[in-house]
Each structure stands twice: as C-alpha cells, then as structure tokens.
Amino acid sequence: MTSPDVARLATLMREASPLVHCLTNSVVRQITADVLLAAGAAPAMVDHPDEAGEFAAIASGVLVNVGNPTSEQVEGMHTAIASASENGTPWVLDPVAVGGLTLRTGLATRWLEHEPAAIRANPSETVALAGAGEGGRGVDSTDSTADALAPALVLAERTAGVVAVTGPQDVVVTNSGGTTHATWITSGHPLLQKVIGTGCALGALTAAYLGAARATGIDDHDAVVAAHAHVGAAGTSAGKVSAGPGLFSVAWLDALYTLTPEEIAASVELLDATP
Amino acid sequence: MTSPDVARLATLMREASPLVHCLTNSVVRQITADVLLAAGAAPAMVDHPDEAGEFAAIASGVLVNVGNPTSEQVEGMHTAIASASENGTPWVLDPVAVGGLTLRTGLATRWLEHEPAAIRANPSETVALAGAGEGGRGVDSTDSTADALAPALVLAERTAGVVAVTGPQDVVVTNSGGTTHATWITSGHPLLQKVIGTGCALGALTAAYLGAARATGIDDHDAVVAAHAHVGAAGTSAGKVSAGPGLFSVAWLDALYTLTPEEIAASVELLDATP
Amino acid sequence: MTSPDVARLATLMREASPLVHCLTNSVVRQITADVLLAAGAAPAMVDHPDEAGEFAAIASGVLVNVGNPTSEQVEGMHTAIASASENGTPWVLDPVAVGGLTLRTGLATRWLEHEPAAIRANPSETVALAGAGEGGRGVDSTDSTADALAPALVLAERTAGVVAVTGPQDVVVTNSGGTTHATWITSGHPLLQKVIGTGCALGALTAAYLGAARATGIDDHDAVVAAHAHVGAAGTSAGKVSAGPGLFSVAWLDALYTLTPEEIAASVELLDATP
C-alpha cells in the first residue's frame, strides 16, 4: 500500500490532455471548463440526448453531476452513462445534494448499478447515497469526512469503484475483492468553499485523470488521488496570495495551470491506510 | 421613520448564513452563487419542477428571476412560489426585462398575486410591472429611479411588500396600511453596470437578508435596504482599485467577503422619507 | 482592397452600444455577456421560443451558437433566425463542434440557407460545415487556418456573407459576385485558448460590430475584421501581464474596456489579399 506517484500522474494527464465530456449543473459549467483547461485537459459540455451518447463514445472520461438537472439533461445522462459503459470510458458520478432531494437521490442511486469508475461527494452526500442518512443542507455538508468513511467503503464495494469524499480533509477509498485501501489527503484552503463549483470542477478533473490513467494502465485509485492533489495544491498556492474569494478564484486557476507536477506532489500530504 | 441598522443586519445575515433557493436566469447563476457565498449566505439553484417545491420548503429565502426562462423552469417557479407562500418563506421577484417581452411580463404580473416579500427591479422594469410603461431596451433601463417612485409605491401597495428600484441611486419603498416609507440609498459604482449579474445577484442577496431578518423579527424593509447597502458598499470599495470591469468584479467579490458590518454601514448614505 | 479602418469601427460600435441577442451555449453565457459589456455593447440572452422572435426583431444583431443546445433552445433559434431575416437584422452563426456531432451539424447546415451575415468558426468547424471534413475533437481544431481557407470561400459564396476562421492567425473572407476578399489578422495570445468562451464571445461581439456597421452603411466584412481586432488586441494586452488563464481572463476583460480605438488598431496586423 503505497502513495500514488502524483507528479507522474500530473505529467501524464497534461501530456494526454484528455477530452472530458461533462454533463453537469448549469451553475458551474463555465468554471468547470476553465478548470479543465487550466489543469491541462479539454472540456466539452454536451447534454442533448441526441448527442450525449455519440460524444461519450469519443471522450476519454465522462462526468455526471446531478446538481440542478433538467428533464432533458437527465435523458442525456442516461444515454451518456450507457455509452460510457459500452465503450469502457470511465465515468464519474457527483451526487450533488443527494439525500435532500427525492428526484436526484433516486437517479444517483439507480446509476450506481452502472458502476461509476469514481464517485466524488461531500460527506453528507456520501452518507446519503450509501443509504445511511438524509444528506446535508442543500449543497452543504453536515457530516465530517470521518463520518463518511464507512459509507464510502460500502459504496466502493457496491460499485467496484473508487469513492472520494471531499471536505477539509479528503479521503479516497477503494474496496476491490474484499481488500480496502484508503488514502487521506491533506491539502487545499478554506476559501475553496467560498467559490462556487470548486468541488464540481474537481469531479470533472477526476474524469480527466481517470481517462489519462486508464490509457497508460495506471490504477483508478491513484488517478483519483492525483486529481484531488492537483486541485488541493492549487488551492494552497492561491490561499497564500488571496484575502477573499474573488482573487482566490483567479489565483487558483493560475496555479492549476502553472504548478509543476513536482510542485503539486510536494504541496500535498498523503497518508495511506487500511481502514 | 429611522434608517435601518445596516451593521446589525449584516452581522445577523452572516451569522445565520441563510440558504437561498435561486430560480434565476442561466446567464448569472455562477456569479449569483459566488456573491451569496462571498457575502456569507448559502446558495442553491434548484429549477426542476419535481424538486423546486421540496427545496423552497426548506430554504430561508427564494429568488425568482425571469431573465431567460425555459418552459420547465417556469413550472419550477410556479411550484417554488406556491411552496414558499405555503411555508411562509420570503420570496423575491426580479422582473428582468419585463415590459419588453410578452411571456415574462405575463408571468411576473400574475405572480404579483402571490405577494413577493420584495421586488427588485431597474426603473423601467418597475414602471412596466406597475402597468405604467413599456419597459426598457432588454435589460437596460430607459427611465430614472425618480420616474419609478410612484409606480414602485403602486406595486408595494398591491403586494403588501417591499419594492426596491435599483439604479445609480436606489430607492426601497414600502406601503403598508396606507403608510408609505422610502429609503434612498447612495452607494455603489458605475462599473457595477459593466459586470453581468450584479443586479441579479443583489436580488438573491435580498432573499438572504429577508430570510435572516424574518428569523429575528426584523422588518422586511430594513432587510432589503441592508442587502442593497452590502452590495453597494462592496462596489464603492472595488471601484477604488479597478480601472475596468474584469478586476472590478474580482475586487467586488472580495469586498463582499472582507468588509465588516461597520464598514458596510459607514460606506453607504441613507435618506429616509415619506414620499 | 484596403484594410478596414478598425479605429473608426470601434468608435462607432461603442457609440452605438448595439443590443446583441445571444442564443448561445450554457457554458459561456456569463463570459459572453461580460465581454459585450466590457467592449461597449449591450447583451441579452433570450432563448425561449415564445420570446426569441420578439426579441430578435428589436436587437441590432443576433448570435446563434450551437454549442450544447437544448430542444427548446433550438426552437428559439429557428424563431430568432426567421425574425432576424424578416427584419434585416444581421445574424452570426457559430457552428461549435460541427462535424463531430450529427444533430448540430444538421442544424447548422440547414441554417446556411438563411444566410448568416457572418460565420465564425475554428478551422475544423469551417472545413466540416463546408462539407469537406469531419470536424475536430469536440471544440478543438485539428486543422490549420490555411487548411480552412478554401472551405471558407465556399461557405462565403453559399451564404453571400462573411466567414471568419479563428485560430492562432485569423482570416476573414468574403465572396460577393465572384470577387473574393481575404483579410488576415495577426493578433491575440495563446492564453485565449485556455479560457473558455473567448471564441464564443468573439462571435457575439461580431454581431455587435455588424449591428453598428449596418446602421452607418459600413461593409460587413470590415465590421467582422474589427470585432476580431478588438478581441485580439485585448488578448495581446492581457498576455503581457498574465502568467496563467485566471489573471489573463481578468486582464482581457479590462483591456476590452480600456483600450482606445487607436490602441486597438495599432495592436493588430492586417494583411488584405485576393485568395
């Protein structure tokens, strides 16, 4: 059980510039695309049911984020998930505000059967999606990362995939064939919570890292950790020069772009464990 | 007739961090969420008709902004307004470009019956919504704040609510039981007009202040004034360090976050009057 | 064959502050509106089929951008294009990712019959729309501007309009009555490719310049060149002060606003040719 080689993964991701198909909520589409571009990936938002399957088939990774869905977008998500599954494209589920709202809780729960390569969620969403709680207050989390560890392991087993719980401290867990693996990530900055879409964009970047990692035979778990490290390191860097969320957001995008793979790796503290 | 205690209201709002349910136009969702976060509130955009009622029931305040509606979002707005009315949640109507466009003029006019706690509009929208004019050119206003005072009082009486007319100078009016109250607010900066969504975000922040004020028994009129003061003070602050709208937008978000309640109150000139 | 008087056109556009009706993709609505405001135009996004025709009739220019369409928005686009044609309003087609996706390729191809005043596209989209290739990878171009010159001339003849191919170097072509005219534009900065929506916003600004130029009897070709010059000059200016896409985006908006018409003209290299 060793920590992933974050620097190598960041290098691979930037070299591959993976095309990420995002079906995400309408609040964060611009910042999600900007984050993917800054980090070194290529974004495309394609929600129409007549296009989503066609596009998921050529993308390197797919993000499905259920924040603020429309009926038509939900159809597009069904199509994209089916196409991703069929084509072996890794897809990421971001269950925004699941638990608190009936429609999206039903959707996200049903989609677990299609085995997302990764789930990225805050602690309350993780607890709710695992069926162990009622979720937080809208997009806010009322549980801690530690509270969400056991539910995350349940989800990881059920999907045979990676589950990343994002909070002040992040934990990425895998449970394959009965063996569990958890990587705790200490990085980031509190102002990340004061800019809309930083977590949603992390979901998209997770799909980018998964796409690049799959193409080179690297483990999904390590790819998800590296995505979190990239976002967290940029947050730490931006926090050093910002007093408020406006400048923080600008500096964070710049750091996603300018930090070298070695700087990303050096900025983040990883702790591997068997939970 | 005394000026509201803006500093106290800003303190209360930040302490409460009210959850604001925004059904707003797709152009300004990101900046609206960022403004709420920076100012100290918690945003959530939930437009689906199957979710909007459920969410309005747990929110502290609701914003309905008719800029660029979709058919499905209009259904969600109906549901959210009904739920807000039923649950006593204050809701804010922002009648973007009403007067110039038939569909949204009809919608906003009909929704007056559901008595929004506040209406936030530019002068031309105010005039048009009161049935006294044809509105401006798209989102621009072709009337002055003074032109809109009488129509604002008509609207305030009809809805038994607060009407805020936003322009180079703002005026907030109430007409309850035949007694009228107007507060003129001098603050802000011309660059606020050169960044999309500053007015729309003010509508959302108005819902946040209303939510926090209601929970502590403070008058709606004062809450609406305080929201305008917060946005205006941040604009004045940002204007001092910016030559163009790019940096202004960044500095404005920072000031919404960093200004103390006392600094907000000290930056704004209030004039109370019986119109 | 002389180069357009960019400074005069920028002055005219800012004086006219043309109202631009944008039917554009949901990823870039905020930055598109911010770019129009910063440059001196007035944006409005109106997508609903019941409003789009009404609004196109009063706008100075219309943008139709097929990135990430919804079914309802497509109906609105049909209505807006018909209204623009009927009212003699210049409209701009931005065929985002055409070639790679069946639905939008069909839509954009059909709309050529309605003779957009201008088409703004990257090289791969230009090649695909002319029926000469399969498009790029999502929104990326895999062809060069030079590759797209001949297809651009084909499109210009078919629509009797202007075709602008945007890349590291831009070319604007017209083919009226058998006489061809090409203006090559050297300007901008590589970071423009790392901020989402800079190309899409250029499409909207093209509609603004066309609206202002038509009102004063200036040639469409020259208006399209001037829009590209304005965006490119601001990019060059922003590139001088930015190390990453975050600050670049801020500085670009500021430069769109602060650059004088003479500074815009002086920053850009134009080369006119008969291709």
# chains A, B, ... in the order shown; residues from 1 in each chain; ligands from 1
call {"tool": "select_by_dssp", "arguments": {"residues": "segment 45-124 of chain B", "states": "strand (DSSP E or B)", "output": "PyMOL selection string"}}
result
chain B and resi 45+61-65+91-94+98+101+118-121
call {"tool": "interface_residues", "arguments": {"of": "chain C", "to": "chain A", "cutoff": "12 Å", "atoms": "only C-alpha atoms", "output": "mmCIF file with N, CA, C and O atoms, in the first residue's frame"}}
result
data_model
loop_
_atom_site.group_PDB
_atom_site.id
_atom_site.type_symbol
_atom_site.label_atom_id
_atom_site.label_comp_id
_atom_site.auth_asym_id
_atom_site.auth_seq_id
_atom_site.Cartn_x
_atom_site.Cartn_y
_atom_site.Cartn_z
ATOM 1 N N ASN C 25 -24.496 28.836 -26.066
ATOM 2 C CA ASN C 25 -24.462 27.662 -25.201
ATOM 3 C C ASN C 25 -24.345 28.065 -23.732
ATOM 4 O O ASN C 25 -23.836 29.122 -23.384
ATOM 5 N N SER C 26 -24.827 27.163 -22.875
ATOM 6 C CA SER C 26 -24.965 27.450 -21.453
ATOM 7 C C SER C 26 -23.638 27.544 -20.720
ATOM 8 O O SER C 26 -23.591 27.967 -19.571
ATOM 9 N N VAL C 27 -22.554 27.161 -21.365
ATOM 10 C CA VAL C 27 -21.246 27.195 -20.697
ATOM 11 C C VAL C 27 -20.687 28.622 -20.664
ATOM 12 O O VAL C 27 -19.987 28.994 -19.730
ATOM 13 N N VAL C 28 -21.000 29.387 -21.686
ATOM 14 C CA VAL C 28 -20.297 30.652 -21.911
ATOM 15 C C VAL C 28 -21.198 31.879 -21.822
ATOM 16 O O VAL C 28 -20.808 32.957 -22.251
ATOM 17 N N ARG C 29 -22.401 31.719 -21.287
ATOM 18 C CA ARG C 29 -23.323 32.867 -21.292
ATOM 19 C C ARG C 29 -22.801 34.019 -20.454
ATOM 20 O O ARG C 29 -22.903 35.168 -20.837
ATOM 21 N N GLN C 30 -22.239 33.702 -19.295
ATOM 22 C CA GLN C 30 -21.752 34.779 -18.431
ATOM 23 C C GLN C 30 -20.588 35.521 -19.078
ATOM 24 O O GLN C 30 -20.601 36.749 -19.162
ATOM 25 N N ILE C 31 -19.585 34.800 -19.557
ATOM 26 C CA ILE C 31 -18.420 35.493 -20.125
ATOM 27 C C ILE C 31 -18.810 36.216 -21.418
ATOM 28 O O ILE C 31 -18.293 37.290 -21.709
ATOM 29 N N THR C 32 -19.744 35.666 -22.167
ATOM 30 C CA THR C 32 -20.187 36.343 -23.386
ATOM 31 C C THR C 32 -20.823 37.689 -23.044
ATOM 32 O O THR C 32 -20.524 38.713 -23.675
ATOM 33 N N VAL C 66 -24.286 26.986 -31.593
ATOM 34 C CA VAL C 66 -24.906 25.668 -31.398
ATOM 35 C C VAL C 66 -24.173 24.779 -30.391
ATOM 36 O O VAL C 66 -24.462 23.579 -30.319
ATOM 37 N N GLY C 67 -23.275 25.338 -29.606
ATOM 38 C CA GLY C 67 -22.623 24.534 -28.570
ATOM 39 C C GLY C 67 -23.658 24.166 -27.513
ATOM 40 O O GLY C 67 -24.310 25.045 -26.977
ATOM 41 N N ASN C 68 -23.789 22.907 -27.208
ATOM 42 C CA ASN C 68 -24.688 22.406 -26.149
ATOM 43 C C ASN C 68 -26.139 22.882 -26.223
ATOM 44 O O ASN C 68 -26.682 23.405 -25.242
ATOM 45 N N PRO C 69 -26.812 22.646 -27.359
ATOM 46 C CA PRO C 69 -28.212 23.090 -27.492
ATOM 47 C C PRO C 69 -29.178 22.222 -26.704
ATOM 48 O O PRO C 69 -28.908 21.057 -26.432
ATOM 49 N N THR C 70 -30.314 22.805 -26.319
ATOM 50 C CA THR C 70 -31.445 22.024 -25.825
ATOM 51 C C THR C 70 -32.511 22.041 -26.913
ATOM 52 O O THR C 70 -32.483 22.891 -27.809
ATOM 53 N N SER C 71 -33.468 21.115 -26.819
ATOM 54 C CA SER C 71 -34.533 21.066 -27.818
ATOM 55 C C SER C 71 -35.291 22.383 -27.866
ATOM 56 O O SER C 71 -35.612 22.889 -28.944
ATOM 57 N N GLU C 72 -35.572 22.930 -26.692
ATOM 58 C CA GLU C 72 -36.342 24.180 -26.663
ATOM 59 C C GLU C 72 -35.529 25.343 -27.217
ATOM 60 O O GLU C 72 -36.056 26.196 -27.927
ATOM 61 N N GLN C 73 -34.250 25.356 -26.910
ATOM 62 C CA GLN C 73 -33.415 26.433 -27.437
ATOM 63 C C GLN C 73 -33.324 26.362 -28.966
ATOM 64 O O GLN C 73 -33.301 27.399 -29.637
ATOM 65 N N VAL C 74 -33.271 25.150 -29.501
ATOM 66 C CA VAL C 74 -33.226 25.002 -30.954
ATOM 67 C C VAL C 74 -34.475 25.622 -31.587
ATOM 68 O O VAL C 74 -34.392 26.322 -32.602
ATOM 69 N N VAL C 96 -20.249 25.589 -33.309
ATOM 70 C CA VAL C 96 -19.377 24.903 -32.344
ATOM 71 C C VAL C 96 -19.443 23.372 -32.494
ATOM 72 O O VAL C 96 -20.521 22.791 -32.415
ATOM 73 N N ALA C 97 -18.291 22.772 -32.708
ATOM 74 C CA ALA C 97 -18.161 21.300 -32.759
ATOM 75 C C ALA C 97 -18.965 20.678 -33.886
ATOM 76 O O ALA C 97 -19.245 19.472 -33.861
ATOM 77 N N VAL C 98 -19.338 21.484 -34.874
ATOM 78 C CA VAL C 98 -19.992 20.907 -36.041
ATOM 79 C C VAL C 98 -19.006 19.991 -36.765
ATOM 80 O O VAL C 98 -17.818 20.272 -36.824
ATOM 81 N N GLY C 99 -19.529 18.915 -37.279
ATOM 82 C CA GLY C 99 -18.679 17.898 -37.890
ATOM 83 C C GLY C 99 -18.619 16.686 -36.986
ATOM 84 O O GLY C 99 -18.877 15.567 -37.400
ATOM 85 N N GLY C 100 -18.337 16.929 -35.718
ATOM 86 C CA GLY C 100 -18.211 15.822 -34.776
ATOM 87 C C GLY C 100 -19.542 15.295 -34.260
ATOM 88 O O GLY C 100 -19.615 14.164 -33.791
ATOM 89 N N LEU C 101 -20.583 16.076 -34.334
ATOM 90 C CA LEU C 101 -21.867 15.680 -33.741
ATOM 91 C C LEU C 101 -22.993 15.874 -34.755
ATOM 92 O O LEU C 101 -23.136 16.942 -35.350
ATOM 93 N N THR C 102 -23.805 14.844 -34.913
ATOM 94 C CA THR C 102 -24.781 14.783 -36.005
ATOM 95 C C THR C 102 -25.861 15.853 -35.906
ATOM 96 O O THR C 102 -26.170 16.535 -36.887
ATOM 97 N N LEU C 103 -26.466 15.991 -34.709
ATOM 98 C CA LEU C 103 -27.596 16.908 -34.563
ATOM 99 C C LEU C 103 -27.231 18.326 -34.968
ATOM 100 O O LEU C 103 -27.880 18.945 -35.813
ATOM 101 N N ARG C 104 -26.156 18.836 -34.354
ATOM 102 C CA ARG C 104 -25.817 20.242 -34.616
ATOM 103 C C ARG C 104 -25.256 20.457 -36.023
ATOM 104 O O ARG C 104 -25.396 21.546 -36.589
ATOM 105 N N THR C 105 -24.640 19.409 -36.579
ATOM 106 C CA THR C 105 -24.157 19.532 -37.951
ATOM 107 C C THR C 105 -25.340 19.717 -38.904
ATOM 108 O O THR C 105 -25.303 20.559 -39.807
ATOM 109 N N GLY C 106 -26.398 18.952 -38.643
ATOM 110 C CA GLY C 106 -27.608 19.095 -39.456
ATOM 111 C C GLY C 106 -28.226 20.466 -39.304
ATOM 112 O O GLY C 106 -28.612 21.104 -40.290
ATOM 113 N N GLY C 136 -13.300 18.598 -35.791
ATOM 114 C CA GLY C 136 -12.200 18.349 -34.873
ATOM 115 C C GLY C 136 -12.618 17.458 -33.732
ATOM 116 O O GLY C 136 -13.594 16.721 -33.811
ATOM 117 N N ARG C 137 -11.885 17.546 -32.646
ATOM 118 C CA ARG C 137 -12.145 16.745 -31.471
ATOM 119 C C ARG C 137 -12.926 17.606 -30.507
ATOM 120 O O ARG C 137 -12.353 18.376 -29.762
ATOM 121 N N GLY C 138 -14.251 17.478 -30.541
ATOM 122 C CA GLY C 138 -15.069 18.347 -29.691
ATOM 123 C C GLY C 138 -14.911 19.774 -30.149
ATOM 124 O O GLY C 138 -15.114 20.079 -31.315
ATOM 125 N N VAL C 139 -14.496 20.638 -29.239
ATOM 126 C CA VAL C 139 -14.352 22.045 -29.587
ATOM 127 C C VAL C 139 -12.946 22.369 -30.080
ATOM 128 O O VAL C 139 -12.668 23.509 -30.435
ATOM 129 N N ASP C 140 -12.056 21.391 -30.104
ATOM 130 C CA ASP C 140 -10.708 21.655 -30.573
ATOM 131 C C ASP C 140 -10.639 21.567 -32.081
ATOM 132 O O ASP C 140 -11.408 20.858 -32.722
ATOM 133 N N SER C 141 -9.707 22.283 -32.654
ATOM 134 C CA SER C 141 -9.498 22.226 -34.091
ATOM 135 C C SER C 141 -8.306 21.344 -34.392
ATOM 136 O O SER C 141 -7.291 21.403 -33.702
ATOM 137 N N LEU C 191 -2.976 32.287 -24.528
ATOM 138 C CA LEU C 191 -3.841 32.047 -23.363
ATOM 139 C C LEU C 191 -5.332 32.224 -23.695
ATOM 140 O O LEU C 191 -6.190 31.760 -22.934
ATOM 141 N N LEU C 192 -5.649 32.878 -24.804
ATOM 142 C CA LEU C 192 -7.068 32.942 -25.228
ATOM 143 C C LEU C 192 -7.652 31.541 -25.383
ATOM 144 O O LEU C 192 -8.855 31.338 -25.195
ATOM 145 N N GLN C 193 -6.815 30.556 -25.719
ATOM 146 C CA GLN C 193 -7.287 29.177 -25.878
ATOM 147 C C GLN C 193 -7.479 28.474 -24.534
ATOM 148 O O GLN C 193 -7.991 27.354 -24.492
ATOM 149 N N LYS C 194 -7.004 29.084 -23.459
ATOM 150 C CA LYS C 194 -7.066 28.443 -22.137
ATOM 151 C C LYS C 194 -8.161 29.037 -21.260
ATOM 152 O O LYS C 194 -8.243 28.736 -20.059
ATOM 153 N N VAL C 195 -8.968 29.912 -21.839
ATOM 154 C CA VAL C 195 -10.122 30.477 -21.133
ATOM 155 C C VAL C 195 -11.357 30.102 -21.943
ATOM 156 O O VAL C 195 -11.415 30.394 -23.145
ATOM 157 N N ILE C 196 -12.311 29.462 -21.290
ATOM 158 C CA ILE C 196 -13.491 29.017 -22.040
ATOM 159 C C ILE C 196 -14.287 30.216 -22.531
ATOM 160 O O ILE C 196 -14.435 31.210 -21.819
ATOM 161 N N GLY C 197 -14.765 30.139 -23.753
ATOM 162 C CA GLY C 197 -15.719 31.123 -24.226
ATOM 163 C C GLY C 197 -15.120 32.338 -24.912
ATOM 164 O O GLY C 197 -15.877 33.215 -25.340
ATOM 165 N N THR C 198 -13.809 32.400 -25.053
ATOM 166 C CA THR C 198 -13.254 33.591 -25.715
ATOM 167 C C THR C 198 -13.666 33.615 -27.188
ATOM 168 O O THR C 198 -14.008 34.672 -27.720
ATOM 169 N N SER C 242 0.034 38.569 -17.646
ATOM 170 C CA SER C 242 -0.540 37.356 -17.051
ATOM 171 C C SER C 242 0.375 36.153 -17.244
ATOM 172 O O SER C 242 0.926 35.952 -18.321
ATOM 173 N N ALA C 243 0.463 35.333 -16.212
ATOM 174 C CA ALA C 243 1.212 34.080 -16.322
ATOM 175 C C ALA C 243 0.286 32.883 -16.488
ATOM 176 O O ALA C 243 0.707 31.807 -16.884
ATOM 177 N N GLY C 244 -0.990 33.058 -16.193
ATOM 178 C CA GLY C 244 -1.940 31.945 -16.285
ATOM 179 C C GLY C 244 -3.298 32.444 -16.726
ATOM 180 O O GLY C 244 -3.536 33.657 -16.828
ATOM 181 N N PRO C 245 -4.218 31.502 -16.972
ATOM 182 C CA PRO C 245 -5.513 31.864 -17.546
ATOM 183 C C PRO C 245 -6.437 32.631 -16.605
ATOM 184 O O PRO C 245 -7.344 33.322 -17.085
ATOM 185 N N GLY C 246 -6.231 32.515 -15.297
ATOM 186 C CA GLY C 246 -7.090 33.225 -14.348
ATOM 187 C C GLY C 246 -6.925 34.727 -14.484
ATOM 188 O O GLY C 246 -7.870 35.463 -14.781
ATOM 189 N N LEU C 247 -5.712 35.177 -14.281
ATOM 190 C CA LEU C 247 -5.450 36.611 -14.379
ATOM 191 C C LEU C 247 -5.601 37.096 -15.821
ATOM 192 O O LEU C 247 -6.038 38.226 -16.061
ATOM 193 N N PHE C 248 -5.264 36.229 -16.776
ATOM 194 C CA PHE C 248 -5.425 36.617 -18.193
ATOM 195 C C PHE C 248 -6.867 37.000 -18.488
ATOM 196 O O PHE C 248 -7.144 38.012 -19.137
ATOM 197 N N SER C 249 -7.787 36.196 -18.014
ATOM 198 C CA SER C 249 -9.206 36.446 -18.271
ATOM 199 C C SER C 249 -9.642 37.801 -17.709
ATOM 200 O O SER C 249 -10.388 38.560 -18.355
ATOM 201 N N VAL C 250 -9.175 38.100 -16.516
ATOM 202 C CA VAL C 250 -9.489 39.380 -15.868
ATOM 203 C C VAL C 250 -8.894 40.548 -16.669
ATOM 204 O O VAL C 250 -9.566 41.542 -16.956
ATOM 205 N N ALA C 251 -7.627 40.402 -17.039
ATOM 206 C CA ALA C 251 -6.934 41.484 -17.752
ATOM 207 C C ALA C 251 -7.505 41.666 -19.165
ATOM 208 O O ALA C 251 -7.530 42.775 -19.695
#
call {"tool": "select_by_dssp", "arguments": {"residues": "segment 33-224 of chain B", "states": "helix (DSSP H, G or I)", "output": "ChimeraX atom specification"}}
result
/B:33-39,49-56,71-87,102-114,123-129,149-159,190-194,198-215,220-224
call {"tool": "residues_around", "arguments": {"residues": "Ala152 of chain C", "least_positions_apart": "3", "cutoff": "8 Å", "atoms": "only C-alpha atoms", "output": "PyMOL selection string"}}
result
chain C and resi 126-127+130+148-149+155-156+163-165+173
call {"tool": "closest_residue", "arguments": {"among": "C:Pro4, C:Gly199, C:Gly211, C:Pro90", "to": "Arg120 of chain C", "atoms": "only C-alpha atoms"}}
result
C:Gly199
